[in-house]
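For reference, entry.csv (CSV, C-alpha atoms):
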chain,number,residue,atom,x,y,z
A,989,MET,CA,170.6,47.9,84.7
A,990,LEU,CA,167.4,48.3,86.7
A,991,ARG,CA,166.7,51.6,88.4
A,992,LEU,CA,164.2,51.0,91.2
A,993,VAL,CA,162.4,53.3,93.6
A,994,HIS,CA,162.1,51.7,97.1
A,995,VAL,CA,159.1,52.4,99.3
A,996,GLY,CA,159.3,51.2,102.8
A,997,LEU,CA,162.8,50.9,104.3
A,998,GLY,CA,162.3,48.5,107.2
A,999,PRO,CA,164.7,45.5,107.5
A,1000,LEU,CA,163.1,43.8,104.5
A,1001,GLY,CA,162.9,46.9,102.3
A,1002,ARG,CA,166.5,47.7,103.0
A,1003,ARG,CA,167.6,44.2,102.2
A,1004,VAL,CA,165.9,44.3,98.8
A,1005,ALA,CA,167.8,47.5,98.0
A,1006,ASP,CA,171.1,46.1,99.3
A,1007,ASP,CA,170.7,42.9,97.2
A,1008,LEU,CA,169.9,45.0,94.1
A,1009,VAL,CA,173.2,46.7,94.4
A,1010,ALA,CA,175.2,43.8,95.7
A,1011,ARG,CA,174.1,41.6,92.8
A,1012,GLY,CA,175.0,44.3,90.3
A,1013,LEU,CA,171.4,44.1,89.1
A,1014,GLY,CA,170.7,47.8,89.3
A,1015,GLN,CA,170.7,51.0,91.3
A,1016,VAL,CA,168.5,52.7,93.8
A,1017,ALA,CA,166.7,55.5,92.0
A,1018,GLY,CA,164.7,56.7,94.9
A,1019,ALA,CA,164.0,55.9,98.6
A,1020,VAL,CA,160.8,56.6,100.5
A,1021,ASP,CA,160.1,56.0,104.2
A,1022,LEU,CA,157.9,57.7,106.9
A,1023,ALA,CA,160.1,57.0,109.9
A,1024,PRO,CA,161.3,60.4,111.2
A,1025,ASN,CA,164.8,59.1,112.0
A,1026,THR,CA,165.4,58.0,108.4
A,1027,VAL,CA,163.9,60.9,106.5
A,1028,GLY,CA,166.7,63.1,105.2
A,1029,THR,CA,169.4,60.5,105.6
A,1030,ILE,CA,171.3,59.0,102.6
A,1031,PHE,CA,170.6,55.5,101.4
A,1032,HIS,CA,172.5,54.0,98.5
A,1033,GLY,CA,173.3,57.5,97.2
A,1034,GLN,CA,169.7,58.8,97.5
A,1035,MET,CA,168.2,61.0,100.2
A,1036,ILE,CA,165.3,59.3,101.9
A,1037,THR,CA,162.1,61.3,101.5
A,1038,SER,CA,158.6,60.9,102.9
A,1039,ASP,CA,157.2,62.3,99.6
A,1040,LEU,CA,156.3,59.4,97.4
A,1041,VAL,CA,155.4,61.5,94.3
A,1042,ALA,CA,158.7,63.5,94.5
A,1043,ALA,CA,160.7,60.2,94.6
A,1044,LEU,CA,159.2,59.3,91.3
A,1045,ASP,CA,160.8,62.2,89.5
A,1046,ALA,CA,164.1,60.4,88.9
A,1047,PRO,CA,164.2,58.0,85.9
A,1048,HIS,CA,163.3,54.5,86.9
A,1049,HIS,CA,161.9,51.2,85.7
A,1050,ALA,CA,159.8,50.0,88.6
A,1051,VAL,CA,158.8,50.6,92.2
A,1052,ILE,CA,159.3,48.2,95.1
A,1053,VAL,CA,156.8,48.5,98.0
A,1054,ALA,CA,157.7,46.8,101.3
A,1055,THR,CA,155.4,48.4,103.8
A,1056,ALA,CA,152.5,46.2,105.1
A,1057,SER,CA,150.8,42.8,104.9
A,1058,ASP,CA,147.2,44.1,104.7
A,1059,LEU,CA,146.2,45.2,101.2
A,1060,ARG,CA,143.9,47.9,102.6
A,1061,ARG,CA,146.8,49.6,104.3
A,1062,CYS,CA,148.8,49.6,101.1
A,1063,ALA,CA,145.9,50.6,98.8
A,1064,ASP,CA,146.5,54.4,98.8
A,1065,THR,CA,150.2,53.8,97.9
A,1066,PHE,CA,149.2,51.5,95.1
A,1067,ARG,CA,146.6,54.0,93.8
A,1068,THR,CA,149.2,56.8,93.8
A,1069,LEU,CA,151.6,54.6,91.8
A,1070,LEU,CA,149.2,53.1,89.4
A,1071,GLU,CA,147.7,56.5,88.6
A,1072,ARG,CA,151.1,57.3,87.2
A,1073,GLY,CA,151.4,54.1,85.2
A,1074,GLU,CA,154.1,52.6,87.4
A,1075,THR,CA,155.2,49.0,87.5
A,1076,VAL,CA,155.0,47.9,91.1
A,1077,VAL,CA,156.3,44.8,92.9
A,1078,SER,CA,155.2,44.5,96.5
A,1079,THR,CA,155.8,42.2,99.5
A,1080,CYS,CA,152.2,42.8,100.6
A,1081,GLU,CA,151.1,39.2,101.4
A,1082,GLU,CA,147.4,39.7,100.7
A,1083,LEU,CA,148.3,40.9,97.2
A,1084,LEU,CA,149.3,37.4,96.2
A,1085,TRP,CA,145.6,36.6,95.6
A,1086,PRO,CA,143.8,39.8,96.4
A,1087,LYS,CA,140.4,38.9,95.3
A,1088,LEU,CA,140.1,36.3,98.1
A,1089,ARG,CA,139.6,39.0,100.9
A,1090,HIS,CA,139.3,42.2,98.9
A,1091,PRO,CA,137.5,41.5,95.6
A,1092,GLU,CA,136.2,45.0,95.0
A,1093,LEU,CA,139.6,46.6,95.8
A,1094,ALA,CA,141.3,44.1,93.5
A,1095,ALA,CA,138.9,44.9,90.7
A,1096,GLU,CA,139.5,48.7,91.3
A,1097,LEU,CA,143.3,48.3,91.2
A,1098,ASP,CA,143.2,46.1,88.1
A,1099,ALA,CA,141.0,48.6,86.2
A,1100,LEU,CA,143.2,51.5,87.3
A,1101,ALA,CA,146.4,49.7,86.1
A,1102,LYS,CA,144.8,48.8,82.8
A,1103,ARG,CA,143.7,52.4,82.2
A,1104,THR,CA,147.1,53.9,82.9
A,1105,GLY,CA,149.4,51.2,81.7
A,1106,GLY,CA,150.6,50.3,85.2
A,1107,ARG,CA,151.3,46.8,86.6
A,1108,LEU,CA,151.0,45.5,90.1
A,1109,LEU,CA,152.2,42.2,91.6
A,1110,GLY,CA,152.5,40.8,95.1
A,1111,THR,CA,155.2,38.2,95.8
A,1112,GLY,CA,157.8,37.0,98.2
A,1113,ILE,CA,159.2,33.6,99.3
A,1114,ASN,CA,155.9,32.8,101.1
A,1115,PRO,CA,153.4,33.7,99.9
A,1116,GLY,CA,154.8,33.9,96.4
A,1117,PHE,CA,156.8,30.8,95.8
A,1118,LEU,CA,157.4,28.0,98.3
A,1119,MET,CA,153.7,27.3,99.2
A,1120,ASP,CA,152.1,28.2,95.9
A,1121,THR,CA,154.2,28.8,92.8
A,1122,LEU,CA,156.6,26.0,93.5
A,1123,PRO,CA,153.9,23.4,94.1
A,1124,VAL,CA,152.1,24.5,90.9
A,1125,VAL,CA,155.3,24.2,88.8
A,1126,ALA,CA,156.1,20.8,90.4
A,1127,THR,CA,152.8,19.4,88.9
A,1128,ALA,CA,154.0,20.2,85.4
A,1129,ALA,CA,155.3,16.6,85.3
A,1130,CYS,CA,151.8,15.2,86.2
A,1131,ASN,CA,149.0,13.8,84.0
A,1132,ALA,CA,146.6,14.1,87.0
A,1133,VAL,CA,146.5,15.8,90.4
A,1134,ARG,CA,144.2,14.6,93.1
A,1135,ARG,CA,145.6,16.3,96.2
A,1136,VAL,CA,148.5,18.6,97.2
A,1137,ASP,CA,150.1,18.8,100.6
A,1138,ILE,CA,152.6,21.6,101.4
A,1139,TRP,CA,154.8,22.2,104.4
A,1140,ARG,CA,156.9,25.1,105.4
A,1141,VAL,CA,158.9,24.5,108.7
A,1142,GLN,CA,161.3,27.2,109.8
A,1143,ASP,CA,163.8,27.9,112.5
A,1144,ALA,CA,162.9,31.6,113.2
A,1145,THR,CA,166.0,32.2,115.3
A,1146,THR,CA,167.7,33.9,112.4
A,1147,ARG,CA,164.7,35.8,111.1
A,1148,ARG,CA,164.2,39.6,111.6
A,1149,VAL,CA,162.5,40.9,114.8
A,1150,PRO,CA,159.2,41.8,113.1
A,1151,PHE,CA,158.8,38.2,111.9
A,1152,GLN,CA,159.5,36.9,115.4
A,1153,GLN,CA,156.9,39.2,116.8
A,1154,LYS,CA,154.4,38.1,114.1
A,1155,ILE,CA,154.7,34.4,115.2
A,1156,GLY,CA,154.3,35.2,118.9
A,1157,ALA,CA,157.7,34.3,120.1
A,1158,THR,CA,158.2,34.7,123.9
A,1159,LEU,CA,154.5,35.2,124.7
A,1160,ASP,CA,152.7,33.2,127.4
A,1161,ARG,CA,149.5,31.4,126.5
A,1162,GLU,CA,147.3,34.2,127.6
A,1163,ALA,CA,149.1,36.9,125.6
A,1164,PHE,CA,149.3,34.6,122.6
A,1165,ALA,CA,145.5,34.0,122.7
A,1166,ALA,CA,144.9,37.8,123.0
A,1167,ARG,CA,147.1,38.5,120.0
A,1168,GLU,CA,145.4,35.8,118.1
A,1169,ARG,CA,142.0,37.4,118.8
A,1170,GLU,CA,143.3,40.7,117.6
A,1171,GLY,CA,144.4,39.1,114.4
A,1172,THR,CA,147.9,40.5,114.8
A,1173,LEU,CA,149.5,37.1,115.3
A,1174,ARG,CA,149.6,34.9,112.2
A,1175,HIS,CA,151.4,34.2,109.0
A,1176,VAL,CA,149.6,36.3,106.5
A,1177,GLY,CA,148.9,34.7,103.1
A,1178,LEU,CA,148.2,31.0,103.9
A,1179,LEU,CA,144.7,31.0,102.4
A,1180,GLU,CA,145.9,33.2,99.5
A,1181,SER,CA,148.5,30.5,98.7
A,1182,LEU,CA,145.8,27.8,99.0
A,1183,ALA,CA,143.5,29.7,96.6
A,1184,LEU,CA,146.2,30.2,94.0
A,1185,VAL,CA,147.1,26.5,94.1
A,1186,ALA,CA,143.5,25.4,93.9
A,1187,ALA,CA,142.6,27.7,91.1
A,1188,ARG,CA,145.6,27.0,89.0
A,1189,LEU,CA,145.3,23.2,89.3
A,1190,GLY,CA,141.5,23.1,89.0
A,1191,LEU,CA,141.0,21.4,92.3
A,1192,ARG,CA,137.5,22.9,92.8
A,1193,VAL,CA,137.8,23.9,96.5
A,1194,GLU,CA,134.3,24.5,98.0
A,1195,ARG,CA,135.3,25.1,101.6
A,1196,THR,CA,138.4,26.3,103.4
A,1197,GLU,CA,139.5,26.4,107.1
A,1198,GLU,CA,142.5,28.0,108.8
A,1199,THR,CA,143.6,27.0,112.2
A,1200,LEU,CA,146.3,28.4,114.4
A,1201,GLU,CA,148.1,27.3,117.6
A,1202,PRO,CA,151.2,28.1,119.5
A,1203,VAL,CA,154.4,26.0,119.3
A,1204,LEU,CA,155.4,25.8,123.0
A,1205,ALA,CA,159.0,25.8,124.1
A,1206,GLU,CA,160.0,22.5,125.6
A,1207,ARG,CA,163.3,23.9,126.9
A,1208,GLU,CA,164.5,27.4,127.7
A,1209,LEU,CA,165.3,29.4,124.5
A,1210,VAL,CA,166.6,32.8,123.6
A,1211,CYS,CA,165.8,35.0,120.6
A,1212,ASP,CA,166.2,38.6,119.6
A,1213,LEU,CA,163.0,39.5,121.5
A,1214,GLY,CA,164.4,38.0,124.8
A,1215,PRO,CA,164.3,34.7,126.7
A,1216,ILE,CA,161.5,32.2,126.2
A,1217,PRO,CA,160.7,30.2,129.3
A,1218,VAL,CA,159.5,26.6,129.1
A,1219,GLY,CA,155.8,26.6,128.2
A,1220,ASN,CA,155.8,30.0,126.5
A,1221,ALA,CA,155.3,30.3,122.8
A,1222,ALA,CA,158.4,29.7,120.6
A,1223,GLY,CA,156.3,30.3,117.5
A,1224,VAL,CA,153.2,29.3,115.6
A,1225,ARG,CA,151.7,26.4,113.7
A,1226,GLN,CA,149.1,27.4,111.1
A,1227,VAL,CA,147.1,25.0,108.9
A,1228,GLY,CA,145.0,25.8,105.9
A,1229,THR,CA,142.8,23.1,104.4
A,1230,GLY,CA,140.6,23.1,101.3
A,1231,TRP,CA,137.8,20.6,100.6
A,1232,ASN,CA,136.0,19.8,97.4
A,1233,ALA,CA,132.2,19.4,97.0
A,1234,ALA,CA,132.5,15.7,97.9
A,1235,GLY,CA,134.1,16.5,101.2
A,1236,ASP,CA,137.6,15.4,100.3
A,1237,VAL,CA,140.7,17.3,101.3
A,1238,VAL,CA,142.3,18.4,98.0
A,1239,VAL,CA,144.8,21.0,99.3
A,1240,ARG,CA,146.4,21.2,102.7
A,1241,LEU,CA,149.1,23.7,103.8
A,1242,GLU,CA,151.0,23.6,107.1
A,1243,PHE,CA,153.1,26.6,108.2
A,1244,LYS,CA,155.3,26.2,111.3
A,1245,ALA,CA,157.8,28.8,112.4
A,1246,SER,CA,159.4,28.6,115.8
A,1247,ILE,CA,162.6,29.5,117.6
A,1248,GLY,CA,165.0,26.6,117.8
A,1249,GLU,CA,163.1,24.4,115.3
A,1250,ALA,CA,165.2,21.3,114.9
A,1251,GLU,CA,164.5,20.2,111.4
A,1252,PRO,CA,163.5,23.1,109.1
A,1253,HIS,CA,162.5,22.1,105.6
A,1254,ASP,CA,160.1,23.0,102.8
A,1255,ARG,CA,158.1,20.1,101.2
A,1256,VAL,CA,155.6,19.6,98.5
A,1257,LEU,CA,153.7,16.2,98.2
A,1258,VAL,CA,151.5,15.7,95.2
A,1259,ASP,CA,149.0,12.8,95.0
A,1260,GLY,CA,149.1,12.6,91.2
A,1261,ASP,CA,150.1,10.6,88.2
A,1262,PRO,CA,153.0,10.3,88.8
A,1263,PRO,CA,153.3,11.2,92.5
A,1264,ILE,CA,155.7,14.0,93.4
A,1265,ASP,CA,157.6,14.3,96.7
A,1266,LEU,CA,159.9,17.4,96.7
A,1267,THR,CA,161.8,18.4,99.8
A,1268,ILE,CA,164.2,21.3,100.4
A,1269,ALA,CA,166.3,20.2,103.3
A,1270,GLY,CA,167.0,23.0,105.7
A,1271,GLY,CA,164.4,25.2,104.1
A,1272,VAL,CA,164.8,28.5,102.3
A,1273,HIS,CA,165.6,31.5,104.5
A,1274,GLY,CA,162.6,33.7,104.4
A,1275,ASP,CA,164.3,37.2,104.2
A,1276,VAL,CA,166.9,36.0,101.7
A,1277,GLY,CA,164.3,34.3,99.6
A,1278,THR,CA,161.8,37.2,99.7
A,1279,SER,CA,164.4,39.7,98.6
A,1280,ALA,CA,165.4,37.4,95.7
A,1281,MET,CA,161.8,36.8,94.6
A,1282,VAL,CA,161.0,40.5,94.5
A,1283,LEU,CA,164.1,41.3,92.4
A,1284,ASN,CA,163.7,38.3,90.1
A,1285,CYS,CA,160.1,39.2,89.4
A,1286,VAL,CA,160.8,42.8,88.2
A,1287,ARG,CA,161.6,41.9,84.6
A,1288,PRO,CA,158.8,39.4,84.2
A,1289,LEU,CA,156.3,42.0,85.4
A,1290,LEU,CA,157.8,44.6,83.1
A,1291,ASP,CA,157.2,42.2,80.2
A,1292,ALA,CA,153.6,41.6,81.2
A,1293,ALA,CA,150.5,43.4,80.0
A,1294,PRO,CA,149.1,46.3,82.2
A,1295,GLY,CA,146.9,45.2,85.1
A,1296,LEU,CA,146.9,43.5,88.5
A,1297,HIS,CA,148.9,40.3,88.2
A,1298,THR,CA,149.4,37.2,90.3
A,1299,MET,CA,152.3,34.8,90.1
A,1300,ASP,CA,150.5,32.6,87.6
A,1301,THR,CA,149.8,35.5,85.2
A,1302,ILE,CA,153.4,36.6,84.6
A,1303,ARG,CA,156.1,34.6,82.9
A,1304,LEU,CA,157.9,32.1,85.1
A,1305,ALA,CA,160.5,33.9,87.2
A,1306,GLY,CA,163.9,32.6,87.7
A,1307,PHE,CA,167.3,34.0,88.9
A,1308,ASP,CA,167.8,37.3,87.0
A,1309,GLY,CA,171.5,37.0,86.1
A,1310,THR,CA,171.4,40.2,84.0
A,1311,ASN,CA,174.5,42.3,85.0
A,1312,SER,CA,175.1,40.0,88.0
A,1313,ARG,CA,178.6,40.0,89.4

Please express what this file holds, its structure, as structure tokens.
Amino acid sequence: MLRLVHVGLGPLGRRVADDLVARGLGQVAGAVDLAPNTVGTIFHGQMITSDLVAALDAPHHAVIVATASDLRRCADTFRTLLERGETVVSTCEELLWPKLRHPELAAELDALAKRTGGRLLGTGINPGFLMDTLPVVATAACNAVRRVDIWRVQDATTRRVPFQQKIGATLDREAFAAREREGTLRHVGLLESLALVAARLGLRVERTEETLEPVLAERELVCDLGPIPVGNAAGVRQVGTGWNAAGDVVVRLEFKASIGEAEPHDRVLVDGDPPIDLTIAGGVHGDVGTSAMVLNCVRPLLDAAPGLHTMDTIRLAGFDGTNSR
């Protein structure tokens, strides 16, 4: 059975630990969080501590980090863990393809991991699977790939509050625009997914663009953040586009998440030989899928060589049925 140390016990971090135990996949070996109201309480038989190093004293196989989307905010945690040769799976979205925004930091973490025997991977349902790994795997049946279009359309009604905040639900247009300027309102990882797909499929992207706009409520809605009047933001639509040197679009990703979305789905459309059109009706629930991805990637990462990994450098992850109930 896996013994995991869990760092970051917000809604998602707790879900990963809960699923670890519920699946019979393993046990919580340590629990770390900085929130004063959680430190000193018991979580799955372990006392929550704010001392990361102390939590590593118990025997364990790997560490799960679910703290932030920005790689720079997670960097010190990763350094502390990699200095001790830990195997780390994180939900940090920028870690999916870290050299896109943080090439020097990515090189530093890779060198540190290789020196100490540590391993580091960023994954989740998105980024991590639906808009990058799944499209790449779908092209295994192709003899040629000219263009890939990817959609993720979600009903955010059942998502956790931090996610609803991240997509701007309930905000009027002025507040939405202000949050967009601050950079605090967006799905993190869209261009990282685009970069992974382009690199893995050899699509030679020379230029990228990311656009963002509100999805406006056409009727009165309610979510966990409160009521959403007509005309206020129910969510966000974000598009990432990649062009080749000839000016042709070769990768396009569209992410839409809004309260009350009528037709949620995930779709991959490959212009290739043969063409591929893959749709998941209803879509995959983000929190459920992210927890599953994190847990199902632990053993593939443990099997990998030391270093900073991406989803295309570990063995293909699937459901880990080891010890499952």

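The nearest approach to Val1004 in chain A among the residues A:Cys1080, A:Ala1054, A:Met1035, A:Leu990, with all atoms listed in the file taken into account, belongs to A:Ala1054.
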
Q. In file coordinates, which residues lie within 9 Å of (156.0, 35.4, 95.8) using only C-alpha atoms, given as a VMD selection string?
A. chain A and resid 1079 1081 1084 1109 to 1118 1120 to 1121 1278 1281 to 1282 1285 1298 to 1299

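Contact shell of Arg1061 in chain A at 12 Å (only C-alpha atoms; same-chain neighbours under 3 positions omitted): Val1053, Ala1054, Thr1055, Ala1056, Ser1057, Asp1058, Asp1064, Thr1065, Phe1066, Arg1067, Cys1080, Glu1081, Glu1082, Leu1083, His1090 and Leu1093 of chain A.
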
Expressed in Å, the length from CA of Asp1275 in chain A to CA of Arg1003 in chain A is 8.0 Å

At most 10 Å from (156.0, 33.3, 85.6), file frame, only C-alpha atoms: which residues, as an MDAnalysis selection string? chainID A and resid 1121 1125 1285 1288:1289 1292 1298:1306

From CA of Val1176 in chain A to CA of Val1027 in chain A the spacing works out at 28.5 Å

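Shell of Asn1025 in chain A at 12 Å, with only C-alpha atoms counted and residues fewer than 3 places along the chain excluded, is Leu997, Gly998, Asp1021, Leu1022, Gly1028, Thr1029, Ile1030, Ile1036, Thr1037 and Ser1038 of chain A.
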
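Coordinates place CA of Phe1243 in chain A at a distance of 17.4 Å from CA of Arg1148 in chain A.
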
Residues at most 7 Å from range 1222-1230 of chain A, counting all atoms listed in the file, excluding those fewer than 2 positions away in the same chain, as a ChimeraX atom specification?
/A:1155-1158,1178-1179,1193,1195-1205,1216,1220,1232,1237-1247

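You can rank A:Val1210, A:Ala1293, A:Ala1129, A:Val1286 by their closest distance to Arg991 in chain A using all atoms listed in the file, and at the top of that list sits A:Val1286.
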
Counting only C-alpha atoms, the residue among A:His1273, A:Arg1167, A:Arg1002, A:Arg1207 that lies closest to His1032 in chain A is A:Arg1002

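Among the candidates A:Ala1042, A:Ala1234, A:Ala1128, A:Gly1177, the residue lying nearest to Arg1089 in chain A is A:Gly1177 (atoms considered: all atoms listed in the file).
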